[in-house]
$ cat final_1.cif   # mmCIF, C-alpha atoms
data_upload
#
loop_
_atom_site.label_atom_id
_atom_site.label_comp_id
_atom_site.auth_asym_id
_atom_site.auth_seq_id
_atom_site.Cartn_x
_atom_site.Cartn_y
_atom_site.Cartn_z
CA MET A 1 37.89 157.41 172.37
CA ILE A 2 37.01 153.86 171.33
CA THR A 3 38.28 151.17 173.69
CA ALA A 4 39.96 148.12 172.15
CA VAL A 5 42.00 145.05 173.04
CA LEU A 6 44.56 143.07 171.05
CA ILE A 7 44.57 139.27 171.26
CA ASP A 8 47.47 137.63 169.42
CA ASP A 9 50.09 135.12 170.55
CA ASP A 10 52.86 136.95 168.66
CA ASP A 11 54.37 139.91 170.55
CA ASN A 12 55.78 141.38 167.34
CA LEU A 13 52.38 141.35 165.64
CA ARG A 14 50.70 142.97 168.63
CA ASN A 15 53.37 145.67 168.69
CA GLY A 16 52.98 146.16 164.95
CA MET A 17 49.22 146.58 165.30
CA LYS A 18 49.71 149.13 168.09
CA THR A 19 52.04 151.12 165.87
CA LEU A 20 49.55 151.07 162.99
CA LEU A 21 46.65 152.06 165.24
CA THR A 22 48.64 154.94 166.75
CA ARG A 23 49.42 156.24 163.28
CA TYR A 24 46.16 155.60 161.43
CA ALA A 25 43.52 155.40 164.17
CA PRO A 26 44.61 157.60 167.09
CA ASP A 27 41.10 157.54 168.60
CA ILE A 28 41.38 153.77 169.20
CA HIS A 29 42.57 153.31 172.79
CA ILE A 30 44.17 149.93 173.59
CA ILE A 31 43.11 149.01 177.13
CA GLY A 32 44.50 145.48 177.24
CA GLU A 33 46.36 142.67 175.49
CA ALA A 34 46.26 138.88 175.63
CA ASP A 35 48.11 136.02 173.96
CA SER A 36 45.88 132.97 174.42
CA VAL A 37 42.31 131.69 174.59
CA ALA A 38 42.47 131.59 178.40
CA THR A 39 43.91 135.07 178.95
CA GLY A 40 41.82 136.53 176.14
CA THR A 41 38.58 135.17 177.59
CA ASP A 42 39.36 136.73 180.97
CA LEU A 43 40.35 140.01 179.34
CA LEU A 44 37.11 140.30 177.38
CA LEU A 45 34.82 139.35 180.25
CA GLN A 46 36.52 141.78 182.62
CA ASN A 47 36.79 144.76 180.27
CA GLN A 48 34.02 144.52 177.64
CA PRO A 49 35.93 146.64 175.10
CA GLN A 50 34.15 148.22 172.18
CA VAL A 51 36.49 146.56 169.66
CA VAL A 52 38.49 143.32 169.69
CA PHE A 53 41.36 142.74 167.27
CA LEU A 54 41.56 138.95 167.32
CA ASP A 55 44.02 136.60 165.64
CA ILE A 56 42.62 133.27 164.42
CA HIS A 57 45.57 131.18 165.62
CA LEU A 58 46.43 131.33 169.31
CA GLY A 59 48.85 129.15 171.27
CA ASP A 60 46.17 127.17 173.11
CA GLY A 61 43.45 127.17 170.44
CA SER A 62 41.78 129.54 168.00
CA GLY A 63 40.00 132.87 168.05
CA PHE A 64 36.81 130.90 167.43
CA ASP A 65 37.47 128.83 170.58
CA LEU A 66 37.89 132.08 172.50
CA LEU A 67 34.51 133.40 171.34
CA GLU A 68 32.89 130.08 172.27
CA GLU A 69 34.37 130.36 175.77
CA VAL A 70 33.17 133.94 176.16
CA ASN A 71 29.68 132.88 175.02
CA LYS A 72 29.60 130.15 177.68
CA LYS A 73 30.62 132.48 180.50
CA GLY A 74 28.92 135.76 179.63
CA LYS A 75 27.86 138.12 176.87
CA LEU A 76 30.10 140.04 174.50
CA ASN A 77 28.88 143.21 172.76
CA SER A 78 32.22 144.10 171.17
CA GLN A 79 32.86 144.60 167.49
CA ILE A 80 35.18 141.79 166.37
CA VAL A 81 37.93 142.34 163.78
CA PHE A 82 39.71 139.11 162.89
CA ILE A 83 43.34 139.16 161.82
CA THR A 84 44.17 136.27 159.55
CA ALA A 85 46.40 134.88 156.85
CA HIS A 86 44.88 133.98 153.48
CA GLU A 87 42.61 131.22 154.76
CA GLN A 88 39.78 130.98 152.26
CA TYR A 89 37.37 129.03 154.44
CA ALA A 90 37.64 131.48 157.35
CA ILE A 91 37.40 134.50 155.05
CA LYS A 92 34.25 133.08 153.47
CA ALA A 93 32.76 132.49 156.93
CA PHE A 94 33.54 136.10 157.91
CA ARG A 95 31.90 137.46 154.77
CA PHE A 96 28.74 135.39 155.25
CA SER A 97 28.63 136.61 158.87
CA ALA A 98 29.22 140.30 158.01
CA LEU A 99 32.30 140.35 160.25
CA ASP A 100 35.34 142.48 159.53
CA PHE A 101 38.76 140.98 158.99
CA LEU A 102 42.29 142.13 158.16
CA LEU A 103 44.78 140.06 156.22
CA LYS A 104 48.38 139.70 157.36
CA PRO A 105 50.47 141.73 156.85
CA VAL A 106 47.93 144.41 157.73
CA ASP A 107 47.55 147.02 155.02
CA PRO A 108 47.12 150.58 156.42
CA ASP A 109 44.43 151.42 153.82
CA GLU A 110 42.40 148.34 154.77
CA LEU A 111 42.84 149.17 158.46
CA GLU A 112 41.48 152.67 157.88
CA LYS A 113 38.45 151.24 156.03
CA VAL A 114 37.69 148.85 158.89
CA ILE A 115 38.10 151.58 161.51
CA GLY A 116 35.70 153.79 159.53
CA LYS A 117 33.07 151.05 159.58
CA ILE A 118 33.63 150.43 163.30
CA LYS A 119 33.02 154.08 164.11
CA ASN A 120 29.63 153.88 162.39
CA VAL A 121 28.39 150.87 164.36
CA VAL A 122 30.36 150.73 167.60
CA ASP A 123 27.54 152.13 169.75
CA LYS A 124 24.82 149.80 168.45
CA ASN A 125 25.87 146.72 170.44
CA ASP A 126 24.34 144.44 167.82
CA SER A 127 27.25 142.18 166.95
CA VAL A 128 26.11 139.14 168.95
CA ALA A 129 23.82 137.75 166.24
CA HIS A 130 26.45 137.60 163.55
CA ILE A 131 29.09 136.24 165.95
CA ASP A 132 26.64 133.41 166.65
CA LEU A 133 26.22 132.88 162.90
CA LEU A 134 30.00 132.78 162.44
CA LEU A 135 30.41 130.17 165.18
CA GLU A 136 27.55 128.14 163.73
CA ASN A 137 29.29 128.10 160.34
CA ILE A 138 32.70 127.30 161.81
CA ARG A 139 31.29 124.45 163.92
CA LYS A 140 29.64 122.82 160.93
CA LYS A 141 32.85 123.02 158.88
CA VAL A 142 30.90 123.01 155.64
CA ASP A 143 31.34 125.32 152.67
CA ASN A 144 27.66 125.55 151.81
CA PHE A 145 26.57 128.16 154.35
CA LYS A 146 22.79 128.28 154.81
CA ARG A 147 22.39 131.72 156.36
CA ILE A 148 23.87 135.13 155.66
CA ALA A 149 24.19 138.27 157.80
CA LEU A 150 23.48 141.59 156.11
CA SER A 151 24.67 144.67 157.94
CA ASN A 152 23.36 148.18 157.26
CA SER A 153 22.55 151.39 159.13
CA ASP A 154 19.52 149.73 160.77
CA GLY A 155 21.57 146.91 162.26
CA ILE A 156 22.40 143.31 161.39
CA HIS A 157 19.84 141.12 159.66
CA LEU A 158 20.11 137.33 159.38
CA PHE A 159 18.43 135.59 156.43
CA GLU A 160 18.27 132.15 154.93
CA VAL A 161 20.23 132.22 151.67
CA SER A 162 17.41 130.19 150.09
CA ASP A 163 14.94 133.04 150.83
CA ILE A 164 16.85 135.60 148.74
CA ILE A 165 14.94 136.10 145.48
CA ARG A 166 17.33 138.51 143.80
CA CYS A 167 19.91 141.25 144.33
CA GLU A 168 20.02 144.54 142.47
CA SER A 169 22.91 146.96 142.12
CA GLU A 170 22.40 150.59 143.10
CA ASP A 171 25.77 152.27 142.48
CA ASN A 172 28.05 150.94 145.23
CA TYR A 173 25.09 149.49 147.13
CA THR A 174 23.19 146.23 146.73
CA LYS A 175 19.46 145.88 147.35
CA PHE A 176 18.32 142.44 148.50
CA TYR A 177 14.81 141.27 147.68
CA ILE A 178 13.89 138.56 150.17
CA LYS A 179 10.82 136.36 150.47
CA ASN A 180 8.29 137.73 152.98
CA ASN A 181 10.54 140.69 153.88
CA LYS A 182 11.04 144.29 152.88
CA PRO A 183 14.03 145.00 150.60
CA VAL A 184 17.33 145.49 152.45
CA LEU A 185 19.95 147.94 151.14
CA ILE A 186 23.59 147.05 151.89
CA SER A 187 26.64 149.26 151.32
CA LYS A 188 28.59 146.66 149.34
CA THR A 189 28.82 146.10 145.61
CA LEU A 190 26.87 143.47 143.72
CA LYS A 191 30.18 141.89 142.67
CA GLU A 192 30.98 141.02 146.30
CA TYR A 193 27.70 139.15 146.67
CA GLU A 194 28.05 137.51 143.26
CA ASP A 195 31.31 135.98 144.53
CA LEU A 196 29.56 134.69 147.66
CA LEU A 197 26.30 133.46 146.18
CA THR A 198 27.10 131.95 142.77
CA GLU A 199 27.64 128.48 144.23
CA HIS A 200 24.22 128.75 145.92
CA GLY A 201 22.33 128.79 142.63
CA PHE A 202 22.58 132.51 141.90
CA GLU A 203 23.40 133.84 138.46
CA ARG A 204 24.46 137.33 137.32
CA ILE A 205 22.24 138.01 134.31
CA HIS A 206 22.99 141.70 133.92
CA GLN A 207 25.33 144.35 135.24
CA SER A 208 22.62 145.32 137.74
CA HIS A 209 20.97 141.97 138.52
CA LEU A 210 21.92 138.79 140.38
CA ILE A 211 19.08 136.27 140.58
CA ASN A 212 18.32 133.11 142.50
CA LEU A 213 17.45 130.64 139.75
CA SER A 214 15.05 128.87 142.13
CA TYR A 215 12.75 131.91 141.88
CA LEU A 216 12.90 132.33 138.10
CA LYS A 217 9.38 131.95 136.67
CA SER A 218 9.91 132.65 132.97
CA TYR A 219 12.58 133.44 130.44
CA ILE A 220 11.08 135.64 127.71
CA LYS A 221 13.10 135.93 124.49
CA LYS A 222 11.22 138.83 122.91
CA ASP A 223 11.88 142.54 123.60
CA GLY A 224 15.60 141.93 123.89
CA GLY A 225 15.21 139.13 126.41
CA TYR A 226 14.18 139.30 130.05
CA VAL A 227 13.25 137.10 133.00
CA VAL A 228 10.17 137.15 135.20
CA MET A 229 10.91 136.42 138.85
CA ALA A 230 8.70 135.06 141.63
CA ASP A 231 8.19 138.60 142.96
CA ASN A 232 6.78 139.49 139.49
CA SER A 233 9.76 141.68 138.63
CA ASN A 234 10.83 141.78 134.97
CA LEU A 235 14.62 141.93 134.69
CA PRO A 236 16.68 142.47 131.53
CA ILE A 237 19.34 139.98 130.42
CA SER A 238 22.56 141.36 129.00
CA GLN A 239 23.52 140.07 125.55
CA ARG A 240 26.62 138.26 126.78
CA LYS A 241 24.67 136.48 129.55
CA LYS A 242 21.91 135.01 127.37
CA GLU A 243 23.80 131.94 126.20
CA ARG A 244 24.95 131.12 129.73
CA LEU A 245 21.40 131.44 131.10
CA GLN A 246 19.97 129.27 128.34
CA GLU A 247 22.58 126.59 129.12
CA LEU A 248 21.68 126.63 132.82
CA LEU A 249 17.96 126.38 132.12
CA SER A 250 18.50 123.51 129.67
CA LYS A 251 20.44 121.62 132.32
CA GLN A 252 17.64 122.13 134.81
CA LEU A 253 15.07 120.82 132.33
CA ASN A 254 17.18 117.74 131.60
CA ASN A 255 17.79 116.87 135.27
#

$ encode --input "final_1.cif" --output "C-alpha cells"
Amino acid sequence: MITAVLIDDDDNLRNGMKTLLTRYAPDIHIIGEADSVATGTDLLLQNQPQVVFLDIHLGDGSGFDLLEEVNKKGKLNSQIVFITAHEQYAIKAFRFSALDFLLKPVDPDELEKVIGKIKNVVDKNDSVAHIDLLLENIRKKVDNFKRIALSNSDGIHLFEVSDIIRCESEDNYTKFYIKNNKPVLISKTLKEYEDLLTEHGFERIHQSHLINLSYLKSYIKKDGGYVVMADNSNLPISQRKKERLQELLSKQLNN
C-alpha cells in the first residue's frame, strides 16, 4: 500500500477525492487529512506520507505556503500532487518543476495516469529538488522561468533553460541535448516541451526537432534545407517551417 494524505479546506472535495481513490486507486491508503496550512504542516511532519494530494487554496494561505513551512521545520520526501483550478501561472510552474497536478473537477482518467507515475517513483525519495524549484519560481512571481526539472527513470535533473541546445522527438519521448551534459531522455512528447519553451527562444523546425536559436550556427539552404547547431548536429527543416525560420533569423540580424 502507498500511504497518502489529503489537504484541502473543502470537506466535499476531500470526500470526493477519497471516493475516486477508493474506486480507481485502491492501493492508495489515506492515513490523514487536513484543511489548512497549520494543520497540514503538522500532519506532514508527523506522518511523512509517500504521497500528498494538496489543494493550492487553503483557508489560512496556500499549498505553496504549506510547503515553505514544512521546509523551515523539517524535510519532506513525499510525492506532491497539486489539485487546482485552471490557473495558468501555477500550471506552468508545475510543468517547469516536473510536479504532478490534477485539475478540478478531477477526471478519473487523469487521476489514474498520475497514480501510475507515482507508483514508478514513490520509493526514490527524490522530490525535494523539484519542490525547491517550484517554490523558487512561485516566490519570484515571474513568467520567464530560468530553470527546468526533467524527470526520468534515473531521477530528477535540474537544468538551466539557457543550457538546452535542442530537443529531439523519439516516439512519445523527448531527448534533451544540454551543454556540458549527456543527453537526457524524458517520457513526454516534444509538443509538451514546445509549449513550455517557445517563449524562451526555442523554435520547432521539424516534426522531430525543437531548437534553441541561441545555439544555431548556420542555416544551409541546399540539400532541402538544414541547420547546423552548436553541438555540430545537422537537423532538417520541414518545408512549412522554412519561411518562419528565415523571418526569425532576419529579425535577429536586424536587431

$ atom_distance --input "final_1.cif" --atom1 "CA of Lys242 in chain A" --atom2 "CA of Leu190 in chain A"
19.1 Å

$ residues_around --input "final_1.cif" --residues "range 225-228 of chain A" --least-positions-apart "3" --cutoff "9 Å" --atoms "only C-alpha atoms" --output "PDB file with C-alpha atoms, keeping the file's coordinate frame"
ATOM      1  CA  TYR A 215      12.750 131.910 141.880  1.00  0.00           C
ATOM      2  CA  LEU A 216      12.900 132.330 138.100  1.00  0.00           C
ATOM      3  CA  LYS A 217       9.380 131.950 136.670  1.00  0.00           C
ATOM      4  CA  SER A 218       9.910 132.650 132.970  1.00  0.00           C
ATOM      5  CA  TYR A 219      12.580 133.440 130.440  1.00  0.00           C
ATOM      6  CA  ILE A 220      11.080 135.640 127.710  1.00  0.00           C
ATOM      7  CA  LYS A 221      13.100 135.930 124.490  1.00  0.00           C
ATOM      8  CA  LYS A 222      11.220 138.830 122.910  1.00  0.00           C
ATOM      9  CA  ASP A 231       8.190 138.600 142.960  1.00  0.00           C
ATOM     10  CA  ASN A 232       6.780 139.490 139.490  1.00  0.00           C
ATOM     11  CA  SER A 233       9.760 141.680 138.630  1.00  0.00           C
ATOM     12  CA  ASN A 234      10.830 141.780 134.970  1.00  0.00           C
ATOM     13  CA  LEU A 235      14.620 141.930 134.690  1.00  0.00           C
ATOM     14  CA  PRO A 236      16.680 142.470 131.530  1.00  0.00           C
ATOM     15  CA  ILE A 237      19.340 139.980 130.420  1.00  0.00           C
ATOM     16  CA  SER A 238      22.560 141.360 129.000  1.00  0.00           C
ATOM     17  CA  GLN A 239      23.520 140.070 125.550  1.00  0.00           C
ATOM     18  CA  LYS A 242      21.910 135.010 127.370  1.00  0.00           C
TER      19      LYS A 242
END

$ atom_distance --input "final_1.cif" --atom1 "CA of Leu44 in chain A" --atom2 "CA of Val81 in chain A"
13.8 Å

$ closest_residue --input "final_1.cif" --among "A:His57, A:Phe145, A:Asp8, A:Ser36" --to "Tyr89 in chain A" --atoms "only C-alpha atoms"
A:Phe145

$ closest_residue --input "final_1.cif" --among "A:Leu135, A:Ser62, A:Leu20, A:Ala25" --to "Val37 in chain A" --atoms "only C-alpha atoms"
A:Ser62

$ residues_around --input "final_1.cif" --residues "Glu170 in chain A" --least-positions-apart "3" --cutoff "10 Å" --atoms "all atoms listed in the file" --output "mmCIF file with C-alpha atoms, in the frame of the given file"
data_model
loop_
_atom_site.group_PDB
_atom_site.id
_atom_site.type_symbol
_atom_site.label_atom_id
_atom_site.label_comp_id
_atom_site.auth_asym_id
_atom_site.auth_seq_id
_atom_site.Cartn_x
_atom_site.Cartn_y
_atom_site.Cartn_z
ATOM 1 C CA CYS A 167 19.910 141.250 144.330
ATOM 2 C CA TYR A 173 25.090 149.490 147.130
ATOM 3 C CA THR A 174 23.190 146.230 146.730
ATOM 4 C CA LYS A 175 19.460 145.880 147.350
ATOM 5 C CA LEU A 185 19.950 147.940 151.140
ATOM 6 C CA ILE A 186 23.590 147.050 151.890
ATOM 7 C CA SER A 187 26.640 149.260 151.320
ATOM 8 C CA LYS A 188 28.590 146.660 149.340
ATOM 9 C CA THR A 189 28.820 146.100 145.610
ATOM 10 C CA LEU A 190 26.870 143.470 143.720
ATOM 11 C CA SER A 208 22.620 145.320 137.740
ATOM 12 C CA HIS A 209 20.970 141.970 138.520
#

$ closest_residue --input "final_1.cif" --among "A:Leu213, A:Ile205, A:Leu67, A:Leu196" --to "Arg240 in chain A" --atoms "all atoms listed in the file"
A:Ile205

$ closest_residue --input "final_1.cif" --among "A:Asn137, A:Thr41, A:Ser250, A:Asn120" --to "Ser151 in chain A" --atoms "only C-alpha atoms"
A:Asn120

$ residues_near_point --input "final_1.cif" --point "(29.8, 139.5, 155.1)" --cutoff "10 Å" --atoms "only C-alpha atoms" --output "count of residues only"
21

$ residues_near_point --input "final_1.cif" --point "(7.1, 135.4, 156.9)" --cutoff "12 Å" --atoms "all atoms listed in the file" --output "mmCIF file with C-alpha atoms, in the frame of the given file"
data_model
loop_
_atom_site.group_PDB
_atom_site.id
_atom_site.type_symbol
_atom_site.label_atom_id
_atom_site.label_comp_id
_atom_site.auth_asym_id
_atom_site.auth_seq_id
_atom_site.Cartn_x
_atom_site.Cartn_y
_atom_site.Cartn_z
ATOM 1 C CA PHE A 159 18.430 135.590 156.430
ATOM 2 C CA GLU A 160 18.270 132.150 154.930
ATOM 3 C CA ASP A 163 14.940 133.040 150.830
ATOM 4 C CA ILE A 178 13.890 138.560 150.170
ATOM 5 C CA LYS A 179 10.820 136.360 150.470
ATOM 6 C CA ASN A 180 8.290 137.730 152.980
ATOM 7 C CA ASN A 181 10.540 140.690 153.880
ATOM 8 C CA LYS A 182 11.040 144.290 152.880
#

$ atom_distance --input "final_1.cif" --atom1 "CA of Gly201 in chain A" --atom2 "CA of Gly155 in chain A"
26.7 Å

$ closest_residue --input "final_1.cif" --among "A:Leu210, A:Val51, A:Val161, A:Asp60" --to "Lys117 in chain A" --atoms "all atoms listed in the file"
A:Val51

$ closest_residue --input "final_1.cif" --among "A:Glu247, A:Asp27, A:Glu112, A:Glu68" --to "Ile131 in chain A" --atoms "only C-alpha atoms"
A:Glu68

$ residues_around --input "final_1.cif" --residues "range 70-74 of chain A" --least-positions-apart "5" --cutoff "12 Å" --atoms "only C-alpha atoms" --output "list of chain:residue names"
A:Val37, A:Ala38, A:Thr39, A:Gly40, A:Thr41, A:Asp42, A:Leu43, A:Leu44, A:Leu45, A:Gln46, A:Asn47, A:Gln48, A:Gly63, A:Phe64, A:Asp65, A:Val128, A:Ala129, A:Ile131, A:Asp132, A:Leu135

$ residues_around --input "final_1.cif" --residues "Arg14 in chain A" --least-positions-apart "2" --cutoff "12 Å" --atoms "only C-alpha atoms" --output "list in words"
Val5, Leu6, Ile7, Asp8, Asp9, Asp10, Asp11, Asn12, Gly16, Met17, Lys18, Thr19, Leu20, Leu21, Ile30, Gly32, Glu33, Ala34, Asp35, Phe53, Leu54, Asp55, Ile83, Lys104, Pro105 and Val106 of chain A
